[in-house]
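**Student:** Can you keep this structure in mind? I'll have questions shortly.
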Protein chains: 2
Amino acid sequence: MEPLSYGQYSLVYNAFSFVLAAMGAATIFLFISRSQVASQYRTAVTLSGIVTVVALYHYFRIFNSWTEAYSVLNNVVTVTGRPFNDAYRYMDWLVTVPLLVTELVLVMRLPGKVGPSKATKLAVLGLSMIPFLIIQYELFVGLKSAIALQPESSRGMVSTARYITVVTWFFYPIVFILPMIGLTGAGAVVGVQVGYSIADVLAKAAFGIFIYNIAVAKTQGDSVMAVSKL
Amino acid sequence: MEPLSYGQYSLVYNAFSFVLAAMGAATIFLFISRSQVASQYRTAVTLSGIVTVVALYHYFRIFNSWTEAYSVLNNVVTVTGRPFNDAYRYMDWLVTVPLLVTELVLVMRLPGKVGPSKATKLAVLGLSMIPFLIIQYELFVGLKSAIALQPESSRGMVSTARYITVVTWFFYPIVFILPMIGLTGAGAVVGVQVGYSIADVLAKAAFGIFIYNIAVAKTQGDSVMAVSKL
């Protein structure tokens, strides 16, 4: 591990702690509030909560690995020799990337067999990080035509969710290449860890709450429609 | 224990952590979502969640046993002399194998007394690992005739569940014999642990979610039938 200043060590430490709080808060909110959306949108909200609780687990591990890799005494940070395991992030992606894609597709409730097949296609692509641009293309262009099928009241929100996904997901490769474009030593360690922390809060916790808001809007739209049919 | 490189140690460590995340995610999903299937299918979904939570417990034990058996300092892995207890896997099978078989039979809802007696037969066979091929035969051939009794809408999915069971269960004996067919030393330790981890995620977490999907499809099919009878 790189030697760090106390300020650098603390910045990463506090970023991890903030992510734990954000993921925990989002998880509790999503699990408690899922009963407030119509049953056809509940799985999307449930999966949003699963994504944040899985991220919560991995950030606990990352946080503990960070505090074990360094020891702090009198504002001096020393390396303990114990490994800082960053691989938790990759394990996390294996679980959460397919779920994030499925969330978005489920809350859109595409007609007939389009939804499941689109979800499967995107989830399988999502599992392999290499065709990242194909996923982004599928999400951005492929789902664009599906926006037109949304009820008018939630069309804008679904469209926004699609943008949020694409923009927040582009954070990850940007953070990943930080050390390759000149960021070195302690700066690279801090930049990568804080960068991933921000990306995770946006792509998982904030995105999950947004999915919930779409589900609420659609639930209200459905009950308006049901009343107008009476 | 075999001496391992840091890469080998980490591969197994990360595989165990991944299984913990996957089992935890599946457990929460199944317990939260069981209310969304008709009551006659809920026990199948409940059992799916029991299987993944029992696996979660055992993987916590396995993970802790792994980290206690080795110590890592400055990327060098040394054996501590404390045992790595792999017997948790067998304890896990004692609980989960009969439940997995019961899940599949319950979600099929075979008519009359065929279901319970078939479940008992398969569960008792499942408890003894020796007649493994008999279980596989019973699952594959014995349950084939039961597929025809499924409502058309879920016949394909139930058939797929039967294939998933047989294919994923064959992973276990394959992993088991890896050390007997020439894999030795550190490679055998890593191969067996990573192999079982993959098999467990497929046979328990992924299988459980698939059982839930069948239950949802059947619930929707039942309500369509109920409406058409009005």
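If you're wondering about the labels, chains in the structure tokens are A, B, ... by order shown, residues count from 1 in each chain, ligands from 1 in order shown.
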Define the interface residues of chain A facing chain B as those within 8 Å, counting only C-alpha atoms, and report them as an MDAnalysis selection string.
**Tutor:** chainID A and resid 39 43 46:47 50 53:54 57:58 81:83 87:88 91:92 95
**Student:** Give me every strand (DSSP E) residue in stretch 45-199 of chain B, going by DSSP on the backbone, as an mmCIF file with all heavy atoms, in the first residue's frame.
**Tutor:**
data_model
loop_
_atom_site.group_PDB
_atom_site.id
_atom_site.type_symbol
_atom_site.label_atom_id
_atom_site.label_comp_id
_atom_site.auth_asym_id
_atom_site.auth_seq_id
_atom_site.Cartn_x
_atom_site.Cartn_y
_atom_site.Cartn_z
ATOM 1 N N TYR B 70 -5.141 -18.926 7.512
ATOM 2 C CA TYR B 70 -3.997 -18.272 6.877
ATOM 3 C C TYR B 70 -3.797 -16.890 7.481
ATOM 4 O O TYR B 70 -4.749 -16.261 7.945
ATOM 5 C CB TYR B 70 -4.232 -18.117 5.366
ATOM 6 C CG TYR B 70 -4.320 -19.428 4.640
ATOM 7 C CD1 TYR B 70 -5.562 -19.972 4.323
ATOM 8 C CD2 TYR B 70 -3.180 -20.123 4.277
ATOM 9 C CE1 TYR B 70 -5.661 -21.188 3.655
ATOM 10 C CE2 TYR B 70 -3.255 -21.329 3.612
ATOM 11 C CZ TYR B 70 -4.504 -21.862 3.305
ATOM 12 O OH TYR B 70 -4.584 -23.061 2.654
ATOM 13 N N SER B 71 -2.564 -16.409 7.408
ATOM 14 C CA SER B 71 -2.319 -15.022 7.782
ATOM 15 C C SER B 71 -1.572 -14.360 6.621
ATOM 16 O O SER B 71 -0.725 -14.990 5.979
ATOM 17 C CB SER B 71 -1.550 -14.978 9.108
ATOM 18 O OG SER B 71 -0.343 -14.311 8.978
ATOM 19 N N VAL B 72 -1.960 -13.132 6.302
ATOM 20 C CA VAL B 72 -1.396 -12.428 5.153
ATOM 21 C C VAL B 72 -0.678 -11.173 5.624
ATOM 22 O O VAL B 72 -1.266 -10.348 6.322
ATOM 23 C CB VAL B 72 -2.493 -12.020 4.150
ATOM 24 C CG1 VAL B 72 -1.863 -11.399 2.895
ATOM 25 C CG2 VAL B 72 -3.357 -13.196 3.770
ATOM 26 N N LEU B 73 0.593 -11.055 5.274
ATOM 27 C CA LEU B 73 1.352 -9.862 5.616
ATOM 28 C C LEU B 73 2.263 -9.530 4.445
ATOM 29 O O LEU B 73 3.001 -10.406 3.966
ATOM 30 C CB LEU B 73 2.166 -10.088 6.899
ATOM 31 C CG LEU B 73 2.428 -8.835 7.745
ATOM 32 C CD1 LEU B 73 1.149 -8.217 8.273
ATOM 33 C CD2 LEU B 73 3.357 -9.180 8.898
ATOM 34 N N VAL B 76 2.413 -11.829 1.516
ATOM 35 C CA VAL B 76 2.894 -13.199 1.732
ATOM 36 C C VAL B 76 1.876 -13.933 2.599
ATOM 37 O O VAL B 76 1.456 -13.429 3.642
ATOM 38 C CB VAL B 76 4.284 -13.207 2.408
ATOM 39 C CG1 VAL B 76 4.716 -14.642 2.727
ATOM 40 C CG2 VAL B 76 5.300 -12.515 1.513
ATOM 41 N N VAL B 77 1.480 -15.123 2.121
ATOM 42 C CA VAL B 77 0.473 -15.910 2.834
ATOM 43 C C VAL B 77 1.183 -16.995 3.640
ATOM 44 O O VAL B 77 1.972 -17.757 3.075
ATOM 45 C CB VAL B 77 -0.507 -16.561 1.835
ATOM 46 C CG1 VAL B 77 -1.570 -17.371 2.584
ATOM 47 C CG2 VAL B 77 -1.155 -15.508 0.949
ATOM 48 N N THR B 78 0.914 -17.072 4.936
ATOM 49 C CA THR B 78 1.492 -18.150 5.735
ATOM 50 C C THR B 78 0.386 -18.937 6.418
ATOM 51 O O THR B 78 -0.698 -18.417 6.696
ATOM 52 C CB THR B 78 2.458 -17.612 6.817
ATOM 53 O OG1 THR B 78 1.825 -16.520 7.487
ATOM 54 C CG2 THR B 78 3.769 -17.147 6.217
ATOM 55 N N VAL B 79 0.671 -20.225 6.655
ATOM 56 C CA VAL B 79 -0.288 -21.110 7.304
ATOM 57 C C VAL B 79 -0.209 -20.868 8.809
ATOM 58 O O VAL B 79 0.881 -20.879 9.379
ATOM 59 C CB VAL B 79 0.050 -22.578 6.954
ATOM 60 C CG1 VAL B 79 -0.850 -23.529 7.708
ATOM 61 C CG2 VAL B 79 -0.048 -22.802 5.446
#
**Student:** Hey, can you check how far atom CA of A:Val101 sits from atom CA of A:Ala44?
**Tutor:**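 That distance, rounded to one decimal, is 10.0 Å.
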**Student:** Write out as a list in words the residues lying within 7 Å of A:Phe84, counting only C-alpha atoms and excluding same-chain residues fewer than 3 positions away.
**Tutor:**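 Counting only C-alpha atoms, the residues come to Ser65, Trp66 and Ala69 of chain A.
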**Student:** Using the selection just defined, write its residues with all heavy atoms as a CSV table (one decimal), in the first residue's frame.
**Tutor:**
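To be explicit, this is the file written out as result.csv:
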chain,number,residue,atom,x,y,z
A,65,SER,N,-11.4,-3.5,5.6
A,65,SER,CA,-10.1,-3.8,5.0
A,65,SER,C,-9.3,-2.5,5.0
A,65,SER,O,-8.0,-2.6,5.2
A,65,SER,CB,-10.4,-4.2,3.6
A,65,SER,OG,-9.2,-4.6,2.9
A,66,TRP,N,-9.9,-1.3,4.8
A,66,TRP,CA,-9.1,-0.1,4.8
A,66,TRP,C,-8.5,0.2,6.2
A,66,TRP,O,-7.3,0.6,6.3
A,66,TRP,CB,-10.1,1.1,4.4
A,66,TRP,CG,-9.4,2.4,4.3
A,66,TRP,CD1,-9.6,3.5,5.2
A,66,TRP,CD2,-8.6,2.9,3.3
A,66,TRP,NE1,-8.9,4.5,4.8
A,66,TRP,CE2,-8.3,4.2,3.6
A,66,TRP,CE3,-8.1,2.3,2.1
A,66,TRP,CZ2,-7.5,5.0,2.7
A,66,TRP,CZ3,-7.3,3.1,1.3
A,66,TRP,CH2,-7.0,4.4,1.6
A,69,ALA,N,-5.6,-2.1,6.9
A,69,ALA,CA,-4.4,-1.9,6.1
A,69,ALA,C,-3.5,-0.8,6.6
A,69,ALA,O,-2.4,-0.7,6.2
A,69,ALA,CB,-4.8,-1.6,4.6
**Student:** Residues of stretch 1-103 of chain B classed as helix (DSSP H, G or I) by DSSP on the backbone are to be reported as a ChimeraX atom specification.
**Tutor:** /B:6-36,39-69,88-103
**Student:** Could you work out how far atom CA of B:Leu100 lies from atom CA of B:Thr165, giving the answer in Å with one decimal?
**Tutor:** 8.7 Å
**Student:** Could you state the separation of atom CA of B:Val166 and atom CA of B:Glu152 in Å, given to one decimal place?
**Tutor:**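 The value is 22.1 Å.
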